[in-house]
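Content type PDB, C-alpha atoms and all ligand atoms, from the file coords.pdb:
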ATOM      1  CA  MET U   1      74.304  -0.528  31.741  1.00  0.00           C
ATOM      2  CA  THR U   2      75.398  -3.201  29.347  1.00  0.00           C
ATOM      3  CA  PHE U   3      75.684  -2.538  25.647  1.00  0.00           C
ATOM      4  CA  THR U   4      73.075  -4.079  23.363  1.00  0.00           C
ATOM      5  CA  LEU U   5      73.219  -4.495  19.597  1.00  0.00           C
ATOM      6  CA  PRO U   6      70.090  -2.876  18.149  1.00  0.00           C
ATOM      7  CA  ASP U   7      68.381  -4.151  15.018  1.00  0.00           C
ATOM      8  CA  LEU U   8      68.907  -1.996  11.948  1.00  0.00           C
ATOM      9  CA  PRO U   9      66.035   0.483  11.540  1.00  0.00           C
ATOM     10  CA  TYR U  10      65.565  -0.753   7.924  1.00  0.00           C
ATOM     11  CA  ALA U  11      66.086  -3.908   5.880  1.00  0.00           C
ATOM     12  CA  TYR U  12      69.622  -4.987   5.004  1.00  0.00           C
ATOM     13  CA  ASP U  13      68.982  -4.223   1.336  1.00  0.00           C
ATOM     14  CA  ALA U  14      67.177  -0.900   1.947  1.00  0.00           C
ATOM     15  CA  LEU U  15      70.191   1.304   1.240  1.00  0.00           C
ATOM     16  CA  GLN U  16      71.036  -0.255  -2.120  1.00  0.00           C
ATOM     17  CA  PRO U  17      72.537   0.651  -4.523  1.00  0.00           C
ATOM     18  CA  TYR U  18      74.584   3.035  -2.360  1.00  0.00           C
ATOM     19  CA  VAL U  19      75.342   0.613   0.472  1.00  0.00           C
ATOM     20  CA  SER U  20      74.913  -3.089  -0.276  1.00  0.00           C
ATOM     21  CA  ARG U  21      73.260  -5.790   1.774  1.00  0.00           C
ATOM     22  CA  GLU U  22      76.650  -7.487   2.115  1.00  0.00           C
ATOM     23  CA  THR U  23      78.215  -4.336   3.579  1.00  0.00           C
ATOM     24  CA  LEU U  24      75.385  -3.889   6.079  1.00  0.00           C
ATOM     25  CA  GLU U  25      75.514  -7.548   7.078  1.00  0.00           C
ATOM     26  CA  TYR U  26      79.231  -7.314   7.839  1.00  0.00           C
ATOM     27  CA  HIS U  27      79.089  -3.810   9.264  1.00  0.00           C
ATOM     28  CA  HIS U  28      76.168  -4.390  11.627  1.00  0.00           C
ATOM     29  CA  ASP U  29      76.304  -8.131  12.357  1.00  0.00           C
ATOM     30  CA  LYS U  30      80.092  -8.460  12.661  1.00  0.00           C
ATOM     31  CA  HIS U  31      81.702  -5.083  13.332  1.00  0.00           C
ATOM     32  CA  HIS U  32      79.095  -3.373  15.494  1.00  0.00           C
ATOM     33  CA  LYS U  33      78.432  -6.655  17.302  1.00  0.00           C
ATOM     34  CA  ALA U  34      82.131  -7.004  18.102  1.00  0.00           C
ATOM     35  CA  TYR U  35      82.175  -3.510  19.685  1.00  0.00           C
ATOM     36  CA  VAL U  36      79.151  -4.459  21.790  1.00  0.00           C
ATOM     37  CA  ASP U  37      80.549  -7.824  22.910  1.00  0.00           C
ATOM     38  CA  THR U  38      84.085  -6.593  23.589  1.00  0.00           C
ATOM     39  CA  GLY U  39      82.763  -3.430  25.230  1.00  0.00           C
ATOM     40  CA  ASN U  40      80.623  -5.470  27.612  1.00  0.00           C
ATOM     41  CA  LYS U  41      83.590  -7.665  28.601  1.00  0.00           C
ATOM     42  CA  LEU U  42      85.773  -4.619  29.247  1.00  0.00           C
ATOM     43  CA  LEU U  43      83.037  -2.774  31.128  1.00  0.00           C
ATOM     44  CA  GLU U  44      82.323  -5.620  33.520  1.00  0.00           C
ATOM     45  CA  GLY U  45      83.660  -4.962  36.990  1.00  0.00           C
ATOM     46  CA  THR U  46      84.744  -1.364  36.310  1.00  0.00           C
ATOM     47  CA  ASP U  47      83.306   1.601  38.213  1.00  0.00           C
ATOM     48  CA  LEU U  48      81.758   2.796  34.938  1.00  0.00           C
ATOM     49  CA  ALA U  49      79.474  -0.239  34.693  1.00  0.00           C
ATOM     50  CA  GLY U  50      76.440   1.610  36.057  1.00  0.00           C
ATOM     51  CA  LYS U  51      76.832   4.750  33.940  1.00  0.00           C
ATOM     52  CA  SER U  52      75.108   5.848  30.741  1.00  0.00           C
ATOM     53  CA  LEU U  53      76.799   5.187  27.400  1.00  0.00           C
ATOM     54  CA  GLU U  54      77.690   8.879  26.965  1.00  0.00           C
ATOM     55  CA  GLU U  55      79.231   8.978  30.430  1.00  0.00           C
ATOM     56  CA  ILE U  56      81.207   5.801  29.719  1.00  0.00           C
ATOM     57  CA  VAL U  57      82.505   7.240  26.437  1.00  0.00           C
ATOM     58  CA  LYS U  58      83.610  10.507  28.055  1.00  0.00           C
ATOM     59  CA  ALA U  59      85.074   8.937  31.211  1.00  0.00           C
ATOM     60  CA  SER U  60      87.005   6.178  29.440  1.00  0.00           C
ATOM     61  CA  TYR U  61      88.623   8.609  26.968  1.00  0.00           C
ATOM     62  CA  GLY U  62      92.271   8.926  27.944  1.00  0.00           C
ATOM     63  CA  THR U  63      91.887   6.626  30.950  1.00  0.00           C
ATOM     64  CA  ASN U  64      90.870   3.225  29.557  1.00  0.00           C
ATOM     65  CA  GLN U  65      91.735   3.122  25.873  1.00  0.00           C
ATOM     66  CA  ALA U  66      90.448  -0.388  25.147  1.00  0.00           C
ATOM     67  CA  LEU U  67      87.064   0.306  26.727  1.00  0.00           C
ATOM     68  CA  PHE U  68      86.895   3.719  25.049  1.00  0.00           C
ATOM     69  CA  ASN U  69      87.537   2.245  21.587  1.00  0.00           C
ATOM     70  CA  ASN U  70      84.600  -0.125  21.921  1.00  0.00           C
ATOM     71  CA  ALA U  71      82.203   2.160  23.820  1.00  0.00           C
ATOM     72  CA  GLY U  72      82.954   5.009  21.399  1.00  0.00           C
ATOM     73  CA  GLN U  73      82.335   2.805  18.400  1.00  0.00           C
ATOM     74  CA  HIS U  74      79.125   1.459  19.962  1.00  0.00           C
ATOM     75  CA  TYR U  75      77.883   5.035  20.465  1.00  0.00           C
ATOM     76  CA  ASN U  76      78.934   6.040  16.938  1.00  0.00           C
ATOM     77  CA  HIS U  77      77.260   3.058  15.256  1.00  0.00           C
ATOM     78  CA  LEU U  78      74.050   3.304  17.315  1.00  0.00           C
ATOM     79  CA  HIS U  79      73.559   6.727  15.759  1.00  0.00           C
ATOM     80  CA  PHE U  80      75.096   5.878  12.395  1.00  0.00           C
ATOM     81  CA  TRP U  81      72.271   3.456  11.510  1.00  0.00           C
ATOM     82  CA  HIS U  82      69.811   6.299  12.099  1.00  0.00           C
ATOM     83  CA  TRP U  83      71.888   8.886  10.262  1.00  0.00           C
ATOM     84  CA  LEU U  84      71.156   6.871   7.117  1.00  0.00           C
ATOM     85  CA  LYS U  85      67.824   6.045   5.542  1.00  0.00           C
ATOM     86  CA  PRO U  86      66.488   4.898   2.173  1.00  0.00           C
ATOM     87  CA  ASN U  87      65.687   7.924  -0.030  1.00  0.00           C
ATOM     88  CA  GLY U  88      67.646  10.203   2.274  1.00  0.00           C
ATOM     89  CA  GLY U  89      69.802  13.199   1.468  1.00  0.00           C
ATOM     90  CA  GLY U  90      66.865  15.393   0.440  1.00  0.00           C
ATOM     91  CA  ALA U  91      65.649  18.671   1.908  1.00  0.00           C
ATOM     92  CA  ILE U  92      67.060  19.736   5.261  1.00  0.00           C
ATOM     93  CA  PRO U  93      64.428  20.750   7.854  1.00  0.00           C
ATOM     94  CA  GLY U  94      64.097  24.554   7.867  1.00  0.00           C
ATOM     95  CA  GLU U  95      65.548  25.545  11.222  1.00  0.00           C
ATOM     96  CA  LEU U  96      68.580  23.284  10.807  1.00  0.00           C
ATOM     97  CA  GLU U  97      69.117  24.471   7.239  1.00  0.00           C
ATOM     98  CA  LYS U  98      69.078  28.104   8.401  1.00  0.00           C
ATOM     99  CA  LYS U  99      71.665  27.364  11.094  1.00  0.00           C
ATOM    100  CA  ILE U 100      73.893  25.443   8.659  1.00  0.00           C
ATOM    101  CA  ILE U 101      73.863  28.410   6.265  1.00  0.00           C
ATOM    102  CA  GLU U 102      74.576  30.817   9.141  1.00  0.00           C
ATOM    103  CA  ASP U 103      77.501  28.821  10.541  1.00  0.00           C
ATOM    104  CA  LEU U 104      78.969  27.083   7.494  1.00  0.00           C
ATOM    105  CA  GLY U 105      78.187  29.480   4.626  1.00  0.00           C
ATOM    106  CA  SER U 106      75.745  27.432   2.556  1.00  0.00           C
ATOM    107  CA  VAL U 107      74.316  23.936   2.392  1.00  0.00           C
ATOM    108  CA  GLU U 108      76.589  23.140  -0.557  1.00  0.00           C
ATOM    109  CA  LYS U 109      79.656  24.422   1.309  1.00  0.00           C
ATOM    110  CA  ALA U 110      78.680  22.438   4.414  1.00  0.00           C
ATOM    111  CA  LYS U 111      78.344  19.239   2.377  1.00  0.00           C
ATOM    112  CA  GLU U 112      81.665  19.894   0.610  1.00  0.00           C
ATOM    113  CA  ASP U 113      83.496  20.551   3.885  1.00  0.00           C
ATOM    114  CA  PHE U 114      81.925  17.489   5.472  1.00  0.00           C
ATOM    115  CA  ILE U 115      82.933  15.256   2.552  1.00  0.00           C
ATOM    116  CA  GLN U 116      86.416  16.777   2.591  1.00  0.00           C
ATOM    117  CA  ALA U 117      86.735  16.010   6.317  1.00  0.00           C
ATOM    118  CA  GLY U 118      85.904  12.374   5.576  1.00  0.00           C
ATOM    119  CA  ILE U 119      88.321  12.195   2.647  1.00  0.00           C
ATOM    120  CA  THR U 120      91.195  13.742   4.615  1.00  0.00           C
ATOM    121  CA  GLN U 121      90.716  11.688   7.774  1.00  0.00           C
ATOM    122  CA  PHE U 122      93.916   9.645   7.498  1.00  0.00           C
ATOM    123  CA  GLY U 123      93.140   5.994   8.174  1.00  0.00           C
ATOM    124  CA  SER U 124      90.051   4.882  10.056  1.00  0.00           C
ATOM    125  CA  GLY U 125      87.688   7.391  11.586  1.00  0.00           C
ATOM    126  CA  TRP U 126      84.625   9.554  11.175  1.00  0.00           C
ATOM    127  CA  ALA U 127      83.454  12.825   9.602  1.00  0.00           C
ATOM    128  CA  TRP U 128      81.089  14.924  11.714  1.00  0.00           C
ATOM    129  CA  LEU U 129      78.726  17.807  11.962  1.00  0.00           C
ATOM    130  CA  ALA U 130      78.680  18.788  15.622  1.00  0.00           C
ATOM    131  CA  VAL U 131      77.396  21.596  17.806  1.00  0.00           C
ATOM    132  CA  LYS U 132      80.181  23.378  19.644  1.00  0.00           C
ATOM    133  CA  ASP U 133      79.607  26.535  21.711  1.00  0.00           C
ATOM    134  CA  GLY U 134      76.236  26.968  20.012  1.00  0.00           C
ATOM    135  CA  LYS U 135      77.617  26.730  16.472  1.00  0.00           C
ATOM    136  CA  ILE U 136      77.530  23.927  13.920  1.00  0.00           C
ATOM    137  CA  VAL U 137      81.062  22.852  13.047  1.00  0.00           C
ATOM    138  CA  VAL U 138      82.649  20.231  10.774  1.00  0.00           C
ATOM    139  CA  GLN U 139      85.014  17.848  12.531  1.00  0.00           C
ATOM    140  CA  LYS U 140      86.901  14.638  11.792  1.00  0.00           C
ATOM    141  CA  THR U 141      88.192  12.122  14.307  1.00  0.00           C
ATOM    142  CA  PRO U 142      90.372   8.999  14.180  1.00  0.00           C
ATOM    143  CA  ASN U 143      89.258   5.491  15.118  1.00  0.00           C
ATOM    144  CA  GLY U 144      86.391   5.447  17.661  1.00  0.00           C
ATOM    145  CA  GLU U 145      86.687   9.068  18.765  1.00  0.00           C
ATOM    146  CA  ASN U 146      83.758  11.403  18.374  1.00  0.00           C
ATOM    147  CA  PRO U 147      82.897  15.042  19.139  1.00  0.00           C
ATOM    148  CA  LEU U 148      81.708  14.142  22.666  1.00  0.00           C
ATOM    149  CA  VAL U 149      85.333  13.930  23.778  1.00  0.00           C
ATOM    150  CA  HIS U 150      86.206  17.204  22.068  1.00  0.00           C
ATOM    151  CA  GLY U 151      83.688  19.396  23.857  1.00  0.00           C
ATOM    152  CA  ALA U 152      80.993  19.141  21.180  1.00  0.00           C
ATOM    153  CA  THR U 153      77.749  17.280  20.515  1.00  0.00           C
ATOM    154  CA  PRO U 154      77.613  15.134  17.361  1.00  0.00           C
ATOM    155  CA  ILE U 155      74.555  15.638  15.146  1.00  0.00           C
ATOM    156  CA  LEU U 156      75.756  13.801  11.998  1.00  0.00           C
ATOM    157  CA  GLY U 157      78.540  11.286  11.589  1.00  0.00           C
ATOM    158  CA  VAL U 158      79.650   9.197   8.647  1.00  0.00           C
ATOM    159  CA  ASP U 159      81.861   6.180   9.207  1.00  0.00           C
ATOM    160  CA  VAL U 160      84.977   6.224   7.020  1.00  0.00           C
ATOM    161  CA  TRP U 161      86.488   2.979   8.299  1.00  0.00           C
ATOM    162  CA  GLU U 162      87.193   0.728   5.318  1.00  0.00           C
ATOM    163  CA  HIS U 163      84.622  -1.771   6.633  1.00  0.00           C
ATOM    164  CA  SER U 164      81.910   0.776   5.796  1.00  0.00           C
ATOM    165  CA  TYR U 165      82.737   1.088   2.094  1.00  0.00           C
ATOM    166  CA  TYR U 166      85.399  -1.310   0.827  1.00  0.00           C
ATOM    167  CA  ILE U 167      83.030  -4.032  -0.404  1.00  0.00           C
ATOM    168  CA  ASP U 168      81.038  -1.536  -2.498  1.00  0.00           C
ATOM    169  CA  TYR U 169      83.550   1.156  -3.375  1.00  0.00           C
ATOM    170  CA  ARG U 170      86.978  -0.485  -2.884  1.00  0.00           C
ATOM    171  CA  ASN U 171      89.377   2.410  -2.303  1.00  0.00           C
ATOM    172  CA  ARG U 172      87.020   5.118  -3.599  1.00  0.00           C
ATOM    173  CA  ARG U 173      86.197   6.721  -0.253  1.00  0.00           C
ATOM    174  CA  PRO U 174      85.210  10.066  -1.881  1.00  0.00           C
ATOM    175  CA  ASP U 175      82.545   8.299  -4.010  1.00  0.00           C
ATOM    176  CA  TYR U 176      81.140   6.577  -0.916  1.00  0.00           C
ATOM    177  CA  LEU U 177      80.987   9.867   0.997  1.00  0.00           C
ATOM    178  CA  LYS U 178      79.287  11.691  -1.902  1.00  0.00           C
ATOM    179  CA  ALA U 179      76.763   8.882  -2.336  1.00  0.00           C
ATOM    180  CA  VAL U 180      75.911   8.900   1.381  1.00  0.00           C
ATOM    181  CA  VAL U 181      75.564  12.679   1.616  1.00  0.00           C
ATOM    182  CA  GLU U 182      73.473  12.963  -1.554  1.00  0.00           C
ATOM    183  CA  ASN U 183      71.284   9.869  -1.166  1.00  0.00           C
ATOM    184  CA  LEU U 184      71.194   8.479   2.343  1.00  0.00           C
ATOM    185  CA  VAL U 185      71.523  11.140   5.082  1.00  0.00           C
ATOM    186  CA  ASN U 186      68.497  11.199   7.360  1.00  0.00           C
ATOM    187  CA  TRP U 187      68.281  14.968   7.907  1.00  0.00           C
ATOM    188  CA  GLU U 188      65.215  14.597  10.147  1.00  0.00           C
ATOM    189  CA  TYR U 189      67.339  12.630  12.619  1.00  0.00           C
ATOM    190  CA  VAL U 190      70.127  15.232  12.349  1.00  0.00           C
ATOM    191  CA  ALA U 191      67.552  17.968  13.074  1.00  0.00           C
ATOM    192  CA  GLU U 192      66.255  16.012  16.082  1.00  0.00           C
ATOM    193  CA  LEU U 193      69.780  15.759  17.551  1.00  0.00           C
ATOM    194  CA  TYR U 194      70.411  19.423  16.744  1.00  0.00           C
ATOM    195  CA  SER U 195      67.360  20.568  18.689  1.00  0.00           C
ATOM    196  CA  LYS U 196      68.379  18.398  21.654  1.00  0.00           C
ATOM    197  CA  ALA U 197      71.910  19.857  21.505  1.00  0.00           C
ATOM    198  CA  VAL U 198      70.887  23.528  21.685  1.00  0.00           C
TER     199      VAL U 198
HETATM  200 FE    FE S   1      81.811   1.072  11.308  1.00  0.00          FE
END

Render the structure in this file as C-alpha cells.
Amino acid sequence: MTFTLPDLPYAYDALQPYVSRETLEYHHDKHHKAYVDTGNKLLEGTDLAGKSLEEIVKASYGTNQALFNNAGQHYNHLHFWHWLKPNGGGAIPGELEKKIIEDLGSVEKAKEDFIQAGITQFGSGWAWLAVKDGKIVVQKTPNGENPLVHGATPILGVDVWEHSYYIDYRNRRPDYLKAVVENLVNWEYVAELYSKAV
C-alpha cells in the first residue's frame, strides 16, 4: 500500500473554540501530510511495501526507525481525526461505559488518568485508552509510538505533540487535554474500535 492523506471528517473550523482552524490547517495539511509523504518515500522499495498499515507499523518498530516514525504517526493521525468531533465528549455508549467502570474504576477516574497520562508524557507523544489482554488500560507513548507496538489495541488517542495545541493553548497542555476530553472526544468511534478489539 501507499499512504494517503484523508480529508478531515469535518470542516476546519468545526472544532472551535477548542481547536482552531489554524491549528487544524497546520496539523492536517502540514504535519500529517509530511508523515504521509515521507512515509511513502521510505516505504518505497522495502519488503513492507505491500503490507497493511498496521503490519507496517508493527514490523518497522525497532527495525526501521525512520519508516516507523512516519508510518506510526500516519496511523495515529488517521484515527485522531475521528477520535474528535464537534459537540463530542458527551455520554459514553453503554457497553463501553460499563467496561471502563469495571477496568478503570469510574468514568471520572478514567478521564483523570487519561489526562494525567497526557500531561506526564515528557516531550512529544500520545495519551491512550487501549485494550490489553481483554482489559481497558491507560497508556502513554513517546513520539510516533502507539499501543500496537506494546501488545495492545488503541481505542482512543490524543496527540500531545506541541503542534496539536501550541497555537491555541501555548504551553497549557493540561487545558488542551481537558478541553478535548470534555468537549471533543467521539465516544461512538471509541466504542466502535472497542468492539472490534474484543
Ligand atoms: Fe499530530

Counting all atoms listed in the file, what are the residues of chain U within 10 Å of ligand FE 1 (chain S), and for each of them which pair of atoms is the nearest and at what distance in Å, to one decimal? Sort the table by chain and rising number, as JSON lines.
{"residue": "U:Leu24", "atom": "CA", "partner": "S:FE1", "partner_atom": "FE", "distance": 9.7}
{"residue": "U:Tyr26", "atom": "CA", "partner": "S:FE1", "partner_atom": "FE", "distance": 9.4}
{"residue": "U:His27", "atom": "CA", "partner": "S:FE1", "partner_atom": "FE", "distance": 6.0}
{"residue": "U:His28", "atom": "CA", "partner": "S:FE1", "partner_atom": "FE", "distance": 7.9}
{"residue": "U:Lys30", "atom": "CA", "partner": "S:FE1", "partner_atom": "FE", "distance": 9.8}
{"residue": "U:His31", "atom": "CA", "partner": "S:FE1", "partner_atom": "FE", "distance": 6.5}
{"residue": "U:His32", "atom": "CA", "partner": "S:FE1", "partner_atom": "FE", "distance": 6.7}
{"residue": "U:Tyr35", "atom": "CA", "partner": "S:FE1", "partner_atom": "FE", "distance": 9.6}
{"residue": "U:Gln73", "atom": "CA", "partner": "S:FE1", "partner_atom": "FE", "distance": 7.3}
{"residue": "U:His74", "atom": "CA", "partner": "S:FE1", "partner_atom": "FE", "distance": 9.1}
{"residue": "U:Asn76", "atom": "CA", "partner": "S:FE1", "partner_atom": "FE", "distance": 8.0}
{"residue": "U:His77", "atom": "CA", "partner": "S:FE1", "partner_atom": "FE", "distance": 6.3}
{"residue": "U:Phe80", "atom": "CA", "partner": "S:FE1", "partner_atom": "FE", "distance": 8.3}
{"residue": "U:Trp81", "atom": "CA", "partner": "S:FE1", "partner_atom": "FE", "distance": 9.8}
{"residue": "U:Ser124", "atom": "CA", "partner": "S:FE1", "partner_atom": "FE", "distance": 9.2}
{"residue": "U:Gly125", "atom": "CA", "partner": "S:FE1", "partner_atom": "FE", "distance": 8.6}
{"residue": "U:Trp126", "atom": "CA", "partner": "S:FE1", "partner_atom": "FE", "distance": 8.9}
{"residue": "U:Asn143", "atom": "CA", "partner": "S:FE1", "partner_atom": "FE", "distance": 9.5}
{"residue": "U:Gly144", "atom": "CA", "partner": "S:FE1", "partner_atom": "FE", "distance": 9.0}
{"residue": "U:Val158", "atom": "CA", "partner": "S:FE1", "partner_atom": "FE", "distance": 8.8}
{"residue": "U:Asp159", "atom": "CA", "partner": "S:FE1", "partner_atom": "FE", "distance": 5.5}
{"residue": "U:Val160", "atom": "CA", "partner": "S:FE1", "partner_atom": "FE", "distance": 7.4}
{"residue": "U:Trp161", "atom": "CA", "partner": "S:FE1", "partner_atom": "FE", "distance": 5.9}
{"residue": "U:Glu162", "atom": "CA", "partner": "S:FE1", "partner_atom": "FE", "distance": 8.1}
{"residue": "U:His163", "atom": "CA", "partner": "S:FE1", "partner_atom": "FE", "distance": 6.2}
{"residue": "U:Ser164", "atom": "CA", "partner": "S:FE1", "partner_atom": "FE", "distance": 5.5}
{"residue": "U:Tyr165", "atom": "CA", "partner": "S:FE1", "partner_atom": "FE", "distance": 9.3}

With distances taken over all atoms listed in the file, which of U:Tyr75, U:Tyr169, U:Trp187, U:Trp83 is nearest to Thr4 (chain U)?
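Between U:Tyr75, U:Tyr169, U:Trp187, U:Trp83, the residue approaching Thr4 (chain U) most closely is U:Tyr75.
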
Show me, as a list in words, the residues that have an atom within 6 Å of region 179-184 of chain U when counting only C-alpha atoms, minus same-chain residues fewer than 5 positions from it.
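Non-adjacent residues within range: Leu84, Lys85, Pro86, Gly88 and Gly89 of chain U.
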
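For the pair CA of Glu22 (chain U) and CA of Arg170 (chain U), the separation is 13.4 Å.
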
Contact check, region 93-146 of chain U to region 189-198 of chain U, at most 12 Å, counting all atoms listed in the file, closest pairs as JSON lines:
{"residue": "U:Pro93", "atom": "CA", "partner": "U:Ala191", "partner_atom": "CA", "distance": 6.7}
{"residue": "U:Gly94", "atom": "CA", "partner": "U:Ala191", "partner_atom": "CA", "distance": 9.1}
{"residue": "U:Glu95", "atom": "CA", "partner": "U:Ala191", "partner_atom": "CA", "distance": 8.1}
{"residue": "U:Leu96", "atom": "CA", "partner": "U:Ala191", "partner_atom": "CA", "distance": 5.9}
{"residue": "U:Glu97", "atom": "CA", "partner": "U:Ala191", "partner_atom": "CA", "distance": 8.9}
{"residue": "U:Lys98", "atom": "CA", "partner": "U:Ala191", "partner_atom": "CA", "distance": 11.3}
{"residue": "U:Lys99", "atom": "CA", "partner": "U:Tyr194", "partner_atom": "CA", "distance": 9.8}
{"residue": "U:Ile100", "atom": "CA", "partner": "U:Tyr194", "partner_atom": "CA", "distance": 10.7}
{"residue": "U:Trp128", "atom": "CA", "partner": "U:Val190", "partner_atom": "CA", "distance": 11.0}
{"residue": "U:Leu129", "atom": "CA", "partner": "U:Val190", "partner_atom": "CA", "distance": 9.0}
{"residue": "U:Ala130", "atom": "CA", "partner": "U:Tyr194", "partner_atom": "CA", "distance": 8.4}
{"residue": "U:Val131", "atom": "CA", "partner": "U:Ala197", "partner_atom": "CA", "distance": 6.8}
{"residue": "U:Lys132", "atom": "CA", "partner": "U:Ala197", "partner_atom": "CA", "distance": 9.2}
{"residue": "U:Asp133", "atom": "CA", "partner": "U:Val198", "partner_atom": "CA", "distance": 9.2}
{"residue": "U:Gly134", "atom": "CA", "partner": "U:Val198", "partner_atom": "CA", "distance": 6.6}
{"residue": "U:Lys135", "atom": "CA", "partner": "U:Val198", "partner_atom": "CA", "distance": 9.1}
{"residue": "U:Ile136", "atom": "CA", "partner": "U:Tyr194", "partner_atom": "CA", "distance": 8.9}
{"residue": "U:Val137", "atom": "CA", "partner": "U:Tyr194", "partner_atom": "CA", "distance": 11.8}

Only C-alpha atoms, please: the residues just picked out, written as an mmCIF file, in the coordinates of the input.
data_model
loop_
_atom_site.group_PDB
_atom_site.id
_atom_site.type_symbol
_atom_site.label_atom_id
_atom_site.label_comp_id
_atom_site.auth_asym_id
_atom_site.auth_seq_id
_atom_site.Cartn_x
_atom_site.Cartn_y
_atom_site.Cartn_z
ATOM 1 C CA PRO U 93 64.428 20.750 7.854
ATOM 2 C CA GLY U 94 64.097 24.554 7.867
ATOM 3 C CA GLU U 95 65.548 25.545 11.222
ATOM 4 C CA LEU U 96 68.580 23.284 10.807
ATOM 5 C CA GLU U 97 69.117 24.471 7.239
ATOM 6 C CA LYS U 98 69.078 28.104 8.401
ATOM 7 C CA LYS U 99 71.665 27.364 11.094
ATOM 8 C CA ILE U 100 73.893 25.443 8.659
ATOM 9 C CA TRP U 128 81.089 14.924 11.714
ATOM 10 C CA LEU U 129 78.726 17.807 11.962
ATOM 11 C CA ALA U 130 78.680 18.788 15.622
ATOM 12 C CA VAL U 131 77.396 21.596 17.806
ATOM 13 C CA LYS U 132 80.181 23.378 19.644
ATOM 14 C CA ASP U 133 79.607 26.535 21.711
ATOM 15 C CA GLY U 134 76.236 26.968 20.012
ATOM 16 C CA LYS U 135 77.617 26.730 16.472
ATOM 17 C CA ILE U 136 77.530 23.927 13.920
ATOM 18 C CA VAL U 137 81.062 22.852 13.047
#

So for region 106-120 of chain U, what box centre and size do we get, axis-aligned, 8 Å extra on each of the six sides, every listed atom, Å to one decimal, as lines of an AutoDock Vina configuration file?
center_x = 82.8
center_y = 19.8
center_z = 2.9
size_x = 32.9
size_y = 31.2
size_z = 22.9

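Note that CA of Pro174 (chain U) and CA of Asp113 (chain U) are 12.1 Å apart.
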
Nearest to Thr2 (chain U), chosen from U:Gly50, U:Pro17, U:Gly157, U:Gly45, with all atoms listed in the file counted in the distances
U:Gly50

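Distance annotation: of U:Ile119, U:Leu67, U:Gly151, U:Gln139, the residue with the minimal separation from Arg172 (chain U) is U:Ile119; atom set is only C-alpha atoms.
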
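Separating CA of Asn69 (chain U) from CA of Val57 (chain U) is a distance of 8.6 Å.
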
With all atoms listed in the file as the basis for distance, which of U:Arg173, U:Lys33, U:Lys111, U:Lys58 is at the shortest distance from Thr153 (chain U)?
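Closest residue, counting all atoms listed in the file: U:Lys58.
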
Of the candidates U:Ser60, U:Thr141, U:Asn146, U:Gln16, which one gets nearest to Thr120 (chain U) if we count all atoms listed in the file?
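Closest candidate: U:Thr141.
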
Chain and number of each residue from the PyMOL selection byres (((chain U and resi 7) around 10) and not hetatm), as a list of chain:residue names:
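When the PyMOL selection byres (((chain U and resi 7) around 10) and not hetatm) is applied to the shown file, the picked residues are U:Thr4, U:Leu5, U:Pro6, U:Leu8, U:Pro9, U:Tyr10, U:Ala11, U:His28, U:Asp29, U:Leu78, U:Trp81.
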